[in-house]
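Everything below concerns the one structure shown next.
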Amino acid sequence: MDSIKKTFSVKGMHCASCVATIERSLKKVDGVSDATVNIATEQATVTYNPAKVTAEKLTSAVSNVGYQAFIGEEVRTEDEEKAEKLHDLNALRTKVIVSLTLGALLLWGSFPGLAKTSPLFLQNFWVQMLLAVPVQFWAGFEFYRATISSLKHRTANMDTLVTIGTTVAFGYSVVVTAAPQLVTNIGIESMPYFDTAAIIIGLILLGRYFEAKAKAGTSEAIKKLIGLQAKTARVLRDSKEIDIPISEVTIGDVIRVRPGEKIPVDGIIIEGDSSIDESMITGESIPTDKTNGDIVVGATMNKTGTFTFSATKVGQETMLAQIIKLVQEAQGSKAPIQRMADLISSYFVPIVLMLAIVTFAGWYIWGPAPALLLALLNTVAVLIIACPCAMGLATPTAIMVGTGKGAEHGILIKDAESLETAHKINTIIFDKTGTLTNGRPEVTDVIALDSVTNDELLRLAGTIEKGSEHSLAEAIVKAAEAKQVVLSKIEKFQAIPGHGVEGAIDGKKIIFGNKRLMDKEAVDTKIADDQIAKMETAGKTVMLLATEGKLVGLIAVADIVKQSALEGVDALQKLGIEVVMISGDNKRTADAIGHSLGITRILAEVLPDGKEAEVRKIQAEGKVVAMVGDGINDAPALAAADVGIAMGSGTDVAIEAADITLINKDLKSVAAAITLSKKTMRTIRANLFWAFGYNVILIPVAMGALYPFFHILLNPIFASVAMATSSISVVFNSLLLKRKKIV
Amino acid sequence: MSIDKIIVVALSALGIGFIYWYFLAKNEKEVEAAGSIDITVEGGYSPEVISIPVGKPIRLNFTRTDPTACLEDVVLGDFKIRKNLPLNQKVAIEFTPERSGEFVYSCGMGMYHGKIIVN
């Protein structure tokens, strides 16, 4: 007999040696010809002779070595699942077509006025029954099946309502057909309602068909993210390049990426440079240039160069895997606004059933003649019009589309609650260093006084600072290197704490530091005093350089504001949100940066552990506060805020204290996140309003509330049209979120 | 009031009472679970109410045998889990409850409910 291949999941593996152990144990089973275990997917694939090997033998082979196998659960591929879904959808379509066609024929044969134009046989009640039976019991089988299985659980749902409603209409019609005297005796014209039952079933199935198609669109974001994953990686092993499946890549593997290829996993470039398109992960459309030592992210696209990198994160640790997990979690979480809808929908169907009984009794007792018929028709209308599905779909579909849309723009939202709270934010506190600014000082001005050139000044400053460990020194050396200035040799180097440095270059004594150092060394700085004051007011740190006791130039250093900061703050202010800046800097520096961004409320000289208290102080003013920081140094402040927003850095996206993580490092995304929240909440409110309003208004109408005043009754067929459209419209409204602009 | 109307009133009252008792006044039996438990999804969740110990990992094996579209997804909102349940396929959901309490889980549309009691 031929051998077969089976894939099943194995739990409990934590290292590569587990793989070998399980494989060995499986291969020992008599009849097994091959076994491979994949630790990343936690799956084993076994080729065996089914005549000799049973599932139990495989399970015990795995459990004997200390792991768990789950053979009962067939692992279906995505394609198989897709094919199955498509098959179901096609079957549903056939049912819709058949039931609506038969329903139309029934309507033609029985609708007052219209019936006269139809062939005679269609007007025959027995023929009508024959046409209605397949609709009721074949197309409508699903309603009966679902009703019976949920009744066993003492629960009732949509299907229960449809089943009872159409069965009442169908049953009454059968009675009228088989024994018309039963109704004519009590003064009712013998008229069946097969058309009503058939068309209701057809229309509700049509509604389900569209709903199923539309619902697939709400979970598209996750599918897109999963689809970004590269399938293979070109790994250098034993100085050979081999293509291996991505699941087999391990940390430390050296991987080569060519132009136009996808980067398989996260890592650090060790050789070569290239321009990389990271838009699929960060939403940032401009490719980034990367070189030795830079981080590359898996699933991003290499554009121009060839490079090799060392894998630092694989499997579930990669940035993409973390993003997928975060989005999945957010989509699985519940928004507080949903609680009410949940509570109502759990009582909804039983209450509708009670209302249907009340309707029947009311019409039977107080209704005009023919009381029984009107009582039945209105009862059917009540059962059919009630739509609990729209309420159940209102919030989750919008949350799914909203969080998915966020992920596309590099905005990762932790859960539905964060997304809901974000729309109420009226104050945003930005941490200055590293958030509004780049977080590292850079040279902003090089001002040589008459005796030297700018490059010469930079050469002297760079040379003297080369040996210094001060953070400002690094900025100066970097600036000198950027200008390709050749640095000289320094002698007699000495740091003067709190003042600066001194040394000798080319035999000349050089001092470089703040004004206090110049004063101490009796260097005349009068000539530059105005310039110094001006730069200091602008928040810059000014350093002076003197050779042989004479001032030759100034170099200003500042923590530069990020390019997106001004636009980011502006966008928030346009949304009517107060922007606050918090910083550990002295008041003058903080004010200078804050004012340049148009921020008026500036909290300076706040120690790192004081940030949380400042957040609480602003909350005490009655504000809903978001705190934007890097998520590491300001974690307590982020956690204290109503919404903590972290600017992602590196490849870690799951920042514990953050409710929202911005992986694109673009400050405009803060406003985009709030806009997204506002738009999502607007969609949810519209959905809930529609879903509730629909039921609250139309159920009484179906019960006959308008009859005493306007003699209006709701035809059960119209009730089914309304029902089918109500849940589709909710899903479509959520899908509309995809088209809304948030940036 | 004629006799038929009196009968209708009486039957209606009985019907409403029955619906209340049958659907709203049910008391689900609590099933204790540790480590792992199989849950069948067929017209609802059975067992519907499970109690599990706090702080210990639990594996819920859902198998959906009911094609009702409503039951396609299972949502454990308190644990941030939403999982698609393909028909006739065992889907494992693993998590560790960090705090005790009663947590309702439901289908994607919030029509069918189950409860997890964490002690």
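Residues are referred to by chain and number: the chain letter is A, B, ... according to the order shown in the structure tokens, the number counts from 1 in that chain, and ligands are numbered separately from 1 in the order shown.
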Strand (DSSP E) call set, DSSP backbone run, range 269-483 of chain A, as a VMD selection string:
chain A and resid 269 to 271 274 to 277 288 to 290 295 to 296 301 to 302 307 to 313 411 to 413 427 to 431 437 to 448
Chain B contacts on chain A, only C-alpha atoms, 9 Å, as JSON, numbers by chain:
{"A": [72, 73, 74, 75, 76, 81, 142, 143, 145, 146, 147, 148, 149, 150, 151, 152, 153, 154, 155, 156, 157, 158, 159, 208, 212, 328, 329, 330, 331, 332, 333, 334, 335, 341, 342, 343, 345, 346, 347, 350, 351, 353, 354, 355, 357, 358, 360, 361, 362, 364, 365, 388, 389, 390, 391, 392, 393, 394, 396, 415]}
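If you look at CA of Asn633 in chain A and CA of Ala556 in chain A, they are 27.0 Å away from each other.
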Which neighbours of Glu278 in chain A fall inside 7 Å, counting only C-alpha atoms, when residues of the same chain fewer than 4 positions from it are skipped, and could you give them as a tab-separated table (two decimals) with N, CA, C and O atoms, in the first residue's frame?
chain	number	residue	atom	x	y	z
A	282	THR	N	6.33	50.47	7.73
A	282	THR	CA	6.22	51.74	8.45
A	282	THR	C	5.21	52.70	7.83
A	282	THR	O	4.82	53.68	8.45
A	284	GLU	N	6.00	54.58	5.59
A	284	GLU	CA	6.84	55.68	5.09
A	284	GLU	C	7.17	55.41	3.63
A	284	GLU	O	7.74	54.38	3.30
A	287	PRO	N	12.14	55.52	0.31
A	287	PRO	CA	13.11	54.48	0.70
A	287	PRO	C	14.23	55.05	1.57
A	287	PRO	O	14.60	56.22	1.44
A	300	THR	N	10.66	43.89	4.32
A	300	THR	CA	10.84	45.12	3.56
A	300	THR	C	11.58	44.78	2.27
A	300	THR	O	12.15	43.71	2.13
A	301	MET	N	11.57	45.73	1.32
A	301	MET	CA	12.05	45.42	-0.02
A	301	MET	C	13.39	46.11	-0.30
A	301	MET	O	13.51	47.31	-0.13
Provide the CA of Ser33 in chain A to CA of Ser63 in chain A distance in Å, to one decimal place.
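Here the two named atoms are 19.3 Å from each other.
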Just the residues within 12 Å of range 177-193 of chain A, please, counting only C-alpha atoms, with nothing from its chain fewer than 3 positions along; format it as an MDAnalysis selection string.
chainID A and resid 103 106:107 109:112 123:130 132 165:174 196:200 368:374 376:377 380 715:717
From a DSSP calculation on the backbone, collect every residue of range 56-285 of chain A in alpha helix (DSSP H) and output the set as a ChimeraX atom specification.
/A:56-64,78-110,125-134,141-152,158-178,181-184,194-218,220-228,279-282
Contacts of range 56-61 of chain A at 8 Å or less, counting only C-alpha atoms, minus same-chain residues fewer than 5 places along, as a ChimeraX atom specification?
/A:22,25-26,29,68-71
With C-alpha atoms kept, could you save the residues just selected as a PDB file, in the first residue's frame?
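Here's the written file part_25.pdb:
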ATOM      1  CA  ILE A  22      11.163  13.991  17.951  1.00  0.00           C
ATOM      2  CA  SER A  25      11.458   8.931  17.816  1.00  0.00           C
ATOM      3  CA  LEU A  26       8.985   9.186  14.956  1.00  0.00           C
ATOM      4  CA  VAL A  29       8.013   3.735  14.565  1.00  0.00           C
ATOM      5  CA  GLN A  68       2.582  16.655  22.803  1.00  0.00           C
ATOM      6  CA  ALA A  69       1.271  15.780  19.366  1.00  0.00           C
ATOM      7  CA  PHE A  70      -2.118  16.853  18.119  1.00  0.00           C
ATOM      8  CA  ILE A  71      -2.882  14.519  15.278  1.00  0.00           C
TER       9      ILE A  71
END
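Closest approach to Ile39 in chain B among B:Thr96, B:Pro53, B:Ile117, B:Arg59 is made by B:Arg59 (distances from only C-alpha atoms).
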